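Undergrad: Sending over coords.cif (mmCIF, C-alpha atoms).
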data_final
loop_
_atom_site.group_PDB
_atom_site.id
_atom_site.type_symbol
_atom_site.label_atom_id
_atom_site.label_comp_id
_atom_site.auth_asym_id
_atom_site.auth_seq_id
_atom_site.Cartn_x
_atom_site.Cartn_y
_atom_site.Cartn_z
ATOM 1 C CA MET A 1 -86.441 139.533 157.677
ATOM 2 C CA ILE A 2 -87.199 142.502 155.418
ATOM 3 C CA LYS A 3 -85.144 144.742 157.692
ATOM 4 C CA LEU A 4 -82.230 142.313 157.452
ATOM 5 C CA LEU A 5 -82.382 142.027 153.675
ATOM 6 C CA LEU A 6 -82.814 145.729 152.928
ATOM 7 C CA PRO A 7 -79.181 146.775 153.583
ATOM 8 C CA LEU A 8 -77.994 143.900 151.379
ATOM 9 C CA ALA A 9 -80.329 144.958 148.606
ATOM 10 C CA ILE A 10 -79.073 148.546 148.776
ATOM 11 C CA THR A 11 -75.483 147.323 148.677
ATOM 12 C CA ALA A 12 -76.168 145.168 145.608
ATOM 13 C CA ALA A 13 -78.090 147.878 143.799
ATOM 14 C CA PHE A 14 -75.568 150.665 144.243
ATOM 15 C CA GLY A 15 -72.357 148.667 144.331
ATOM 16 C CA VAL A 16 -71.577 149.733 147.881
ATOM 17 C CA THR A 17 -68.782 147.732 149.481
ATOM 18 C CA THR A 18 -68.309 147.071 153.161
ATOM 19 C CA ALA A 19 -64.563 146.436 152.729
ATOM 20 C CA GLN A 20 -62.504 148.874 154.731
ATOM 21 C CA ALA A 21 -58.889 149.863 154.795
ATOM 22 C CA ALA A 22 -56.829 147.838 157.241
ATOM 23 C CA ASP A 23 -53.612 148.279 159.166
ATOM 24 C CA ILE A 24 -50.838 147.148 156.847
ATOM 25 C CA GLY A 25 -49.119 145.111 159.565
ATOM 26 C CA ASP A 26 -50.321 141.647 158.540
ATOM 27 C CA ASN A 27 -49.345 142.269 154.912
ATOM 28 C CA ILE A 28 -45.905 143.436 155.989
ATOM 29 C CA LYS A 29 -45.423 140.329 158.133
ATOM 30 C CA THR A 30 -46.263 138.194 155.106
ATOM 31 C CA ALA A 31 -43.835 140.127 152.912
ATOM 32 C CA MET A 32 -41.127 139.701 155.528
ATOM 33 C CA LYS A 33 -41.269 135.940 154.931
ATOM 34 C CA SER A 34 -40.710 136.226 151.174
ATOM 35 C CA GLU A 35 -37.850 134.252 149.675
ATOM 36 C CA ILE A 36 -36.843 137.272 147.593
ATOM 37 C CA ARG A 37 -35.362 138.862 150.700
ATOM 38 C CA THR A 38 -31.711 138.137 151.412
ATOM 39 C CA ALA A 39 -30.415 136.825 154.732
ATOM 40 C CA LYS A 40 -28.751 140.195 155.292
ATOM 41 C CA GLU A 41 -32.065 141.990 154.801
ATOM 42 C CA VAL A 42 -33.899 139.652 157.149
ATOM 43 C CA LYS A 43 -31.233 140.179 159.789
ATOM 44 C CA ARG A 44 -32.119 143.896 159.848
ATOM 45 C CA ASP A 45 -35.790 143.305 160.674
ATOM 46 C CA ARG A 46 -35.246 143.300 164.424
ATOM 47 C CA ASN A 47 -33.455 146.638 164.325
ATOM 48 C CA ARG A 48 -35.580 148.434 161.733
ATOM 49 C CA ARG A 49 -38.945 147.182 163.075
ATOM 50 C CA PRO A 50 -40.929 147.806 159.879
ATOM 51 C CA VAL A 51 -44.347 146.733 161.199
ATOM 52 C CA GLN A 52 -44.207 149.105 164.149
ATOM 53 C CA THR A 53 -42.667 151.915 162.087
ATOM 54 C CA LEU A 54 -45.331 151.803 159.387
ATOM 55 C CA LYS A 55 -48.051 151.539 162.010
ATOM 56 C CA PHE A 56 -46.712 154.696 163.642
ATOM 57 C CA PHE A 57 -46.908 156.468 160.285
ATOM 58 C CA GLY A 58 -50.517 155.301 159.926
ATOM 59 C CA ILE A 59 -49.988 153.354 156.704
ATOM 60 C CA GLU A 60 -52.990 151.266 155.607
ATOM 61 C CA ASP A 61 -53.262 148.640 152.907
ATOM 62 C CA ASP A 62 -55.303 150.758 150.475
ATOM 63 C CA MET A 63 -52.995 153.773 150.461
ATOM 64 C CA LYS A 64 -51.072 155.256 147.579
ATOM 65 C CA VAL A 65 -47.547 155.443 149.023
ATOM 66 C CA LEU A 66 -44.484 157.097 147.514
ATOM 67 C CA GLU A 67 -41.008 156.210 148.784
ATOM 68 C CA LEU A 68 -38.269 158.752 148.185
ATOM 69 C CA VAL A 69 -34.810 157.288 147.564
ATOM 70 C CA PRO A 70 -35.587 153.571 147.890
ATOM 71 C CA GLY A 71 -31.910 152.635 147.498
ATOM 72 C CA GLY A 72 -31.420 148.888 147.376
ATOM 73 C CA GLY A 73 -35.098 148.253 148.034
ATOM 74 C CA TRP A 74 -35.198 147.069 151.641
ATOM 75 C CA TYR A 75 -38.552 148.760 152.236
ATOM 76 C CA THR A 76 -39.624 148.259 148.621
ATOM 77 C CA LYS A 77 -39.627 144.493 149.148
ATOM 78 C CA LEU A 78 -42.068 144.965 152.004
ATOM 79 C CA LEU A 79 -44.260 147.850 150.860
ATOM 80 C CA ALA A 80 -44.756 146.879 147.214
ATOM 81 C CA PRO A 81 -46.341 143.472 147.923
ATOM 82 C CA ALA A 82 -48.187 144.778 151.002
ATOM 83 C CA LEU A 83 -49.880 147.505 148.949
ATOM 84 C CA ARG A 84 -50.262 145.541 145.729
ATOM 85 C CA GLU A 85 -53.910 144.478 146.011
ATOM 86 C CA LYS A 86 -55.684 147.533 147.420
ATOM 87 C CA GLY A 87 -53.183 150.378 147.303
ATOM 88 C CA GLY A 88 -50.123 151.282 145.310
ATOM 89 C CA TYR A 89 -46.361 151.567 145.725
ATOM 90 C CA PHE A 90 -44.480 154.335 143.952
ATOM 91 C CA ALA A 91 -40.802 155.280 144.076
ATOM 92 C CA ALA A 92 -38.819 158.347 143.073
ATOM 93 C CA VAL A 93 -35.199 159.568 143.132
ATOM 94 C CA GLY A 94 -32.415 157.014 143.215
ATOM 95 C CA THR A 95 -34.575 154.238 141.778
ATOM 96 C CA SER A 96 -32.075 152.542 139.457
ATOM 97 C CA ARG A 97 -31.387 149.547 141.696
ATOM 98 C CA ILE A 98 -35.022 148.608 142.254
ATOM 99 C CA LYS A 99 -35.730 149.204 138.575
ATOM 100 C CA ASP A 100 -32.944 146.812 137.573
ATOM 101 C CA ASN A 101 -33.465 144.196 140.289
ATOM 102 C CA LEU A 102 -37.112 144.162 141.330
ATOM 103 C CA VAL A 103 -39.688 145.439 138.860
ATOM 104 C CA ASP A 104 -39.532 142.322 136.695
ATOM 105 C CA LYS A 105 -39.869 139.912 139.624
ATOM 106 C CA PRO A 106 -43.163 138.112 140.423
ATOM 107 C CA GLY A 107 -45.310 140.173 142.762
ATOM 108 C CA PHE A 108 -43.506 143.410 141.988
ATOM 109 C CA ASP A 109 -45.162 144.078 138.641
ATOM 110 C CA LYS A 110 -47.220 146.985 139.984
ATOM 111 C CA ILE A 111 -44.289 149.084 141.188
ATOM 112 C CA THR A 112 -44.415 152.510 139.580
ATOM 113 C CA ILE A 113 -41.202 154.459 139.075
ATOM 114 C CA ILE A 114 -41.975 158.173 139.075
ATOM 115 C CA ASN A 115 -39.817 160.234 136.731
ATOM 116 C CA SER A 116 -36.756 158.045 136.241
ATOM 117 C CA LYS A 117 -34.856 161.183 135.182
ATOM 118 C CA ALA A 118 -34.916 162.479 138.756
ATOM 119 C CA GLU A 119 -31.469 161.662 140.072
ATOM 120 C CA MET A 120 -29.020 162.332 142.857
ATOM 121 C CA VAL A 121 -25.920 164.233 141.745
ATOM 122 C CA TYR A 122 -22.920 164.638 144.018
ATOM 123 C CA ASN A 123 -21.981 168.225 144.772
ATOM 124 C CA ARG A 124 -18.223 168.164 145.358
ATOM 125 C CA ALA A 125 -18.113 171.652 146.815
ATOM 126 C CA GLU A 126 -20.692 170.866 149.514
ATOM 127 C CA LYS A 127 -19.763 167.174 149.814
ATOM 128 C CA ASP A 128 -23.351 165.931 149.576
ATOM 129 C CA TYR A 129 -26.040 165.366 146.990
ATOM 130 C CA GLU A 130 -28.419 167.590 145.106
ATOM 131 C CA VAL A 131 -31.412 166.447 143.056
ATOM 132 C CA LYS A 132 -31.843 166.993 139.337
ATOM 133 C CA ASN A 133 -35.155 166.901 137.460
ATOM 134 C CA LEU A 134 -37.275 166.494 140.594
ATOM 135 C CA ASN A 135 -40.928 166.077 139.672
ATOM 136 C CA LEU A 136 -43.157 163.662 141.558
ATOM 137 C CA GLY A 137 -45.902 163.901 138.963
ATOM 138 C CA SER A 138 -48.988 163.768 141.163
ATOM 139 C CA ASN A 139 -50.797 165.466 144.031
ATOM 140 C CA ASP A 140 -52.863 162.612 145.412
ATOM 141 C CA TYR A 141 -50.490 160.417 147.409
ATOM 142 C CA ASP A 142 -51.689 159.323 150.826
ATOM 143 C CA ALA A 143 -48.146 159.116 152.168
ATOM 144 C CA VAL A 144 -44.574 160.008 151.251
ATOM 145 C CA LEU A 145 -41.880 158.129 153.181
ATOM 146 C CA THR A 146 -38.102 158.291 153.259
ATOM 147 C CA PHE A 147 -35.795 156.148 155.378
ATOM 148 C CA ARG A 148 -32.251 157.140 156.380
ATOM 149 C CA ASN A 149 -31.844 159.510 153.427
ATOM 150 C CA TYR A 150 -32.431 163.022 154.694
ATOM 151 C CA HIS A 151 -28.778 163.437 155.692
ATOM 152 C CA ASN A 152 -27.587 162.743 152.137
ATOM 153 C CA PHE A 153 -28.685 166.057 150.658
ATOM 154 C CA ILE A 154 -27.414 169.614 150.646
ATOM 155 C CA GLU A 155 -29.667 172.219 152.204
ATOM 156 C CA SER A 156 -31.212 173.457 148.949
ATOM 157 C CA ALA A 157 -32.008 169.893 147.887
ATOM 158 C CA ARG A 158 -33.665 169.124 151.230
ATOM 159 C CA HIS A 159 -35.902 172.161 150.853
ATOM 160 C CA GLU A 160 -36.701 171.158 147.290
ATOM 161 C CA MET A 161 -37.615 167.610 148.298
ATOM 162 C CA ASN A 162 -39.765 168.756 151.222
ATOM 163 C CA LYS A 163 -41.688 171.128 148.963
ATOM 164 C CA ALA A 164 -42.082 168.390 146.338
ATOM 165 C CA ALA A 165 -43.404 165.997 148.984
ATOM 166 C CA PHE A 166 -45.889 168.598 150.204
ATOM 167 C CA LYS A 167 -47.119 169.240 146.677
ATOM 168 C CA ALA A 168 -47.416 165.510 145.926
ATOM 169 C CA LEU A 169 -49.597 164.684 148.933
ATOM 170 C CA LYS A 170 -53.349 164.985 149.134
ATOM 171 C CA PRO A 171 -54.727 167.138 151.986
ATOM 172 C CA GLY A 172 -54.247 165.202 155.219
ATOM 173 C CA GLY A 173 -51.446 163.160 153.674
ATOM 174 C CA ILE A 174 -48.541 161.803 155.734
ATOM 175 C CA TYR A 175 -44.854 162.634 155.406
ATOM 176 C CA GLY A 176 -42.714 160.151 157.331
ATOM 177 C CA VAL A 177 -38.980 160.640 157.867
ATOM 178 C CA VAL A 178 -36.466 158.358 159.590
ATOM 179 C CA ASP A 179 -32.761 159.141 159.856
ATOM 180 C CA HIS A 180 -29.670 158.748 162.015
ATOM 181 C CA THR A 181 -29.521 161.239 164.876
ATOM 182 C CA ARG A 182 -26.896 163.973 165.172
ATOM 183 C CA ARG A 183 -26.441 166.080 168.304
ATOM 184 C CA HIS A 184 -28.514 169.247 168.220
ATOM 185 C CA MET A 185 -26.657 172.161 166.579
ATOM 186 C CA GLN A 186 -23.468 170.130 166.191
ATOM 187 C CA ARG A 187 -21.445 171.143 163.161
ATOM 188 C CA GLU A 188 -20.526 168.504 160.608
ATOM 189 C CA ASN A 189 -17.309 166.625 161.231
ATOM 190 C CA ASP A 190 -15.601 163.459 160.005
ATOM 191 C CA GLU A 191 -17.808 161.261 162.189
ATOM 192 C CA ASN A 192 -21.319 162.693 161.812
ATOM 193 C CA GLY A 193 -21.745 163.195 158.066
ATOM 194 C CA ARG A 194 -24.405 160.494 157.877
ATOM 195 C CA ARG A 195 -26.325 161.846 160.845
ATOM 196 C CA PHE A 196 -28.790 164.737 160.987
ATOM 197 C CA ASP A 197 -30.084 167.076 163.677
ATOM 198 C CA PRO A 198 -33.771 166.144 164.223
ATOM 199 C CA VAL A 199 -34.635 169.643 165.436
ATOM 200 C CA LEU A 200 -33.288 171.100 162.198
ATOM 201 C CA ALA A 201 -35.212 168.471 160.210
ATOM 202 C CA ILE A 202 -38.467 169.491 161.920
ATOM 203 C CA LYS A 203 -37.731 173.167 161.269
ATOM 204 C CA GLU A 204 -37.003 172.581 157.579
ATOM 205 C CA ILE A 205 -40.005 170.330 156.991
ATOM 206 C CA GLU A 206 -42.375 172.686 158.755
ATOM 207 C CA ALA A 207 -41.025 175.484 156.539
ATOM 208 C CA ALA A 208 -42.343 173.546 153.530
ATOM 209 C CA GLY A 209 -45.877 173.805 154.955
ATOM 210 C CA PHE A 210 -46.136 170.593 156.970
ATOM 211 C CA LYS A 211 -47.548 170.242 160.456
ATOM 212 C CA PHE A 212 -45.357 168.254 162.853
ATOM 213 C CA VAL A 213 -47.671 165.593 164.260
ATOM 214 C CA ASP A 214 -45.593 163.243 166.392
ATOM 215 C CA TYR A 215 -42.321 161.432 166.966
ATOM 216 C CA SER A 216 -41.589 157.862 168.006
ATOM 217 C CA ASN A 217 -38.832 156.374 170.162
ATOM 218 C CA LEU A 218 -39.000 153.093 168.226
ATOM 219 C CA HIS A 219 -35.434 153.600 167.053
ATOM 220 C CA TYR A 220 -34.041 155.342 170.099
ATOM 221 C CA ARG A 221 -30.767 153.774 171.214
ATOM 222 C CA ALA A 222 -29.500 154.934 174.592
ATOM 223 C CA ASP A 223 -26.064 153.408 174.057
ATOM 224 C CA ASP A 224 -25.407 155.247 170.802
ATOM 225 C CA GLU A 225 -23.343 158.156 172.063
ATOM 226 C CA LEU A 226 -23.894 160.080 168.787
ATOM 227 C CA ARG A 227 -20.117 160.408 168.531
ATOM 228 C CA TYR A 228 -19.174 158.026 165.753
ATOM 229 C CA GLU A 229 -19.790 157.367 162.083
ATOM 230 C CA VAL A 230 -22.835 155.134 161.629
ATOM 231 C CA GLY A 231 -20.811 152.596 159.668
ATOM 232 C CA ARG A 232 -18.388 151.850 162.485
ATOM 233 C CA LYS A 233 -18.523 148.285 163.765
ATOM 234 C CA THR A 234 -19.349 149.484 167.267
ATOM 235 C CA VAL A 235 -22.325 151.517 165.987
ATOM 236 C CA THR A 236 -23.719 149.977 162.810
ATOM 237 C CA GLY A 237 -27.045 148.264 163.348
ATOM 238 C CA ASN A 238 -27.517 150.130 166.593
ATOM 239 C CA THR A 239 -27.678 153.790 165.619
ATOM 240 C CA ASP A 240 -30.078 156.129 167.330
ATOM 241 C CA ARG A 241 -32.603 157.259 164.698
ATOM 242 C CA PHE A 242 -35.306 159.871 164.834
ATOM 243 C CA THR A 243 -38.736 158.875 163.520
ATOM 244 C CA LEU A 244 -40.919 161.854 162.630
ATOM 245 C CA ARG A 245 -44.467 162.084 161.337
ATOM 246 C CA PHE A 246 -45.768 165.171 159.553
ATOM 247 C CA GLN A 247 -49.056 165.956 157.875
ATOM 248 C CA LYS A 248 -50.227 168.164 155.042
ATOM 249 C CA VAL A 249 -52.977 169.987 156.865
ATOM 250 C CA LYS A 250 -56.386 169.978 155.222
#
Starting from the file, lay out its structure as structure tokens.
TA:
Amino acid sequence: MIKLLLPLAITAAFGVTTAQAADIGDNIKTAMKSEIRTAKEVKRDRNRRPVQTLKFFGIEDDMKVLELVPGGGWYTKLLAPALREKGGYFAAVGTSRIKDNLVDKPGFDKITIINSKAEMVYNRAEKDYEVKNLNLGSNDYDAVLTFRNYHNFIESARHEMNKAAFKALKPGGIYGVVDHTRRHMQRENDENGRRFDPVLAIKEIEAAGFKFVDYSNLHYRADDELRYEVGRKTVTGNTDRFTLRFQKVK
């Protein structure tokens, strides 16, 4: 009996907890059922496969996670409530829509907008975006994630964002990137502007100091010929996307 009680006594005396981080999957499944999500957002679940994607990235419920360019908040509506109790959800760059539409809603009160002055500015000469006032304000995130955004930025902005992500992560931290696939070494044309070469993405991200850890075929689509604009009716919702996991080596 003494042997059984001793560990409990030590736990009580020193405040040791036996609670451990858990796979975020169950929390995401709960968030997917929230009434705050629109029918259009729910319809995308089957294609975007958030539970499997976040599991591949190794996201756990006690992590401090930063999303770059959250856009309309599709992932925000899942990650923010899933991380609310044990972890934390943070967002940076292009955060105006979630700031206006989500942060005052029940269950989203713990969203943290990092540096609201960081913004995307269209570069007419290069026909893509650059980033102004980029500062992620911390160096202890467990993960930085960005979904279908990498293609939006000019080369200098991509390098800047990769370096900022590296600086913001703690040693061992995860950098997860998902985007629409472009053919390797194919030059930009009228149809592929919202696609990106995954080999080039790996090269650029490694140049920022990251180690390429793994890729997933979760969003591989054999019948996407990589020929057409991702918004075309014959392609939208079925684009081939690369899913890459990097790590800030310890």
Undergrad: Which residues, written as a list in words, have at least one atom at most 12 Å from Ser96 (chain A), with all atoms listed in the file counted and residues fewer than 6 positions away on the same chain left out?
TA: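 Surrounding residues, per the criterion: Val69, Pro70, Gly71, Gly72, Gly73, Leu102, Val103, Ile113, Ile114, Asn115, Ser116, Lys117, Ala118, Glu119 and Met120 of chain A.
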Undergrad: Using only C-alpha atoms, list the residues that have an atom at most 12 Å from (-54.3, 149.2, 153.5), coordinates as in the file, as a PDB file with C-alpha atoms, in the frame of the given file.
TA:
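Result saved to out-v1.pdb:
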ATOM      1  CA  ALA A  19     -64.563 146.436 152.729  1.00  0.00           C
ATOM      2  CA  GLN A  20     -62.504 148.874 154.731  1.00  0.00           C
ATOM      3  CA  ALA A  21     -58.889 149.863 154.795  1.00  0.00           C
ATOM      4  CA  ALA A  22     -56.829 147.838 157.241  1.00  0.00           C
ATOM      5  CA  ASP A  23     -53.612 148.279 159.166  1.00  0.00           C
ATOM      6  CA  ILE A  24     -50.838 147.148 156.847  1.00  0.00           C
ATOM      7  CA  GLY A  25     -49.119 145.111 159.565  1.00  0.00           C
ATOM      8  CA  ASP A  26     -50.321 141.647 158.540  1.00  0.00           C
ATOM      9  CA  ASN A  27     -49.345 142.269 154.912  1.00  0.00           C
ATOM     10  CA  ILE A  28     -45.905 143.436 155.989  1.00  0.00           C
ATOM     11  CA  LEU A  54     -45.331 151.803 159.387  1.00  0.00           C
ATOM     12  CA  LYS A  55     -48.051 151.539 162.010  1.00  0.00           C
ATOM     13  CA  GLY A  58     -50.517 155.301 159.926  1.00  0.00           C
ATOM     14  CA  ILE A  59     -49.988 153.354 156.704  1.00  0.00           C
ATOM     15  CA  GLU A  60     -52.990 151.266 155.607  1.00  0.00           C
ATOM     16  CA  ASP A  61     -53.262 148.640 152.907  1.00  0.00           C
ATOM     17  CA  ASP A  62     -55.303 150.758 150.475  1.00  0.00           C
ATOM     18  CA  MET A  63     -52.995 153.773 150.461  1.00  0.00           C
ATOM     19  CA  LYS A  64     -51.072 155.256 147.579  1.00  0.00           C
ATOM     20  CA  VAL A  65     -47.547 155.443 149.023  1.00  0.00           C
ATOM     21  CA  LEU A  79     -44.260 147.850 150.860  1.00  0.00           C
ATOM     22  CA  ALA A  80     -44.756 146.879 147.214  1.00  0.00           C
ATOM     23  CA  PRO A  81     -46.341 143.472 147.923  1.00  0.00           C
ATOM     24  CA  ALA A  82     -48.187 144.778 151.002  1.00  0.00           C
ATOM     25  CA  LEU A  83     -49.880 147.505 148.949  1.00  0.00           C
ATOM     26  CA  ARG A  84     -50.262 145.541 145.729  1.00  0.00           C
ATOM     27  CA  GLU A  85     -53.910 144.478 146.011  1.00  0.00           C
ATOM     28  CA  LYS A  86     -55.684 147.533 147.420  1.00  0.00           C
ATOM     29  CA  GLY A  87     -53.183 150.378 147.303  1.00  0.00           C
ATOM     30  CA  GLY A  88     -50.123 151.282 145.310  1.00  0.00           C
ATOM     31  CA  TYR A  89     -46.361 151.567 145.725  1.00  0.00           C
ATOM     32  CA  ASP A 142     -51.689 159.323 150.826  1.00  0.00           C
ATOM     33  CA  ALA A 143     -48.146 159.116 152.168  1.00  0.00           C
TER      34      ALA A 143
END
Undergrad: Can you list, as a list in words, the residues that the PyMOL selection byres ((chain A and resi 208-223) around 8) selects here?
TA: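 When the PyMOL selection byres ((chain A and resi 208-223) around 8) is applied, the selected residues are Asn47, Arg48, Arg49, Gln52, Thr53, Phe56, His159, Asn162, Lys163, Phe166, Ile202, Glu204, Ile205, Glu206, Ala207, Asp224, Glu225, Asn238, Thr239, Asp240, Arg241, Phe242, Thr243, Leu244, Arg245, Phe246, Gln247, Lys248 and Val249 of chain A.
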Undergrad: Set the distance at 7 Å and use all atoms listed in the file: which residues neighbour region 127-132 of chain A once local chain neighbours fewer than 4 positions away are removed? I'd like the list as a PyMOL selection string.
TA: chain A and resi 118-123+152-154+157
Undergrad: Separation of CA of Lys77 (chain A) and CA of Glu41 (chain A), in Å?
TA: 9.8 Å
Undergrad: Please compute the CA of Phe147 (chain A)-CA of Asp104 (chain A) distance, one decimal, in Å.
TA: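 CA of Phe147 (chain A) sits 23.5 Å away from CA of Asp104 (chain A).
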Undergrad: Just the residues within 9 Å of Asn192 (chain A), please, counting all atoms listed in the file, with nothing from its chain fewer than 2 positions along; format it as a ChimeraX atom specification.
TA: /A:181-183,186-190,194-196,226-230
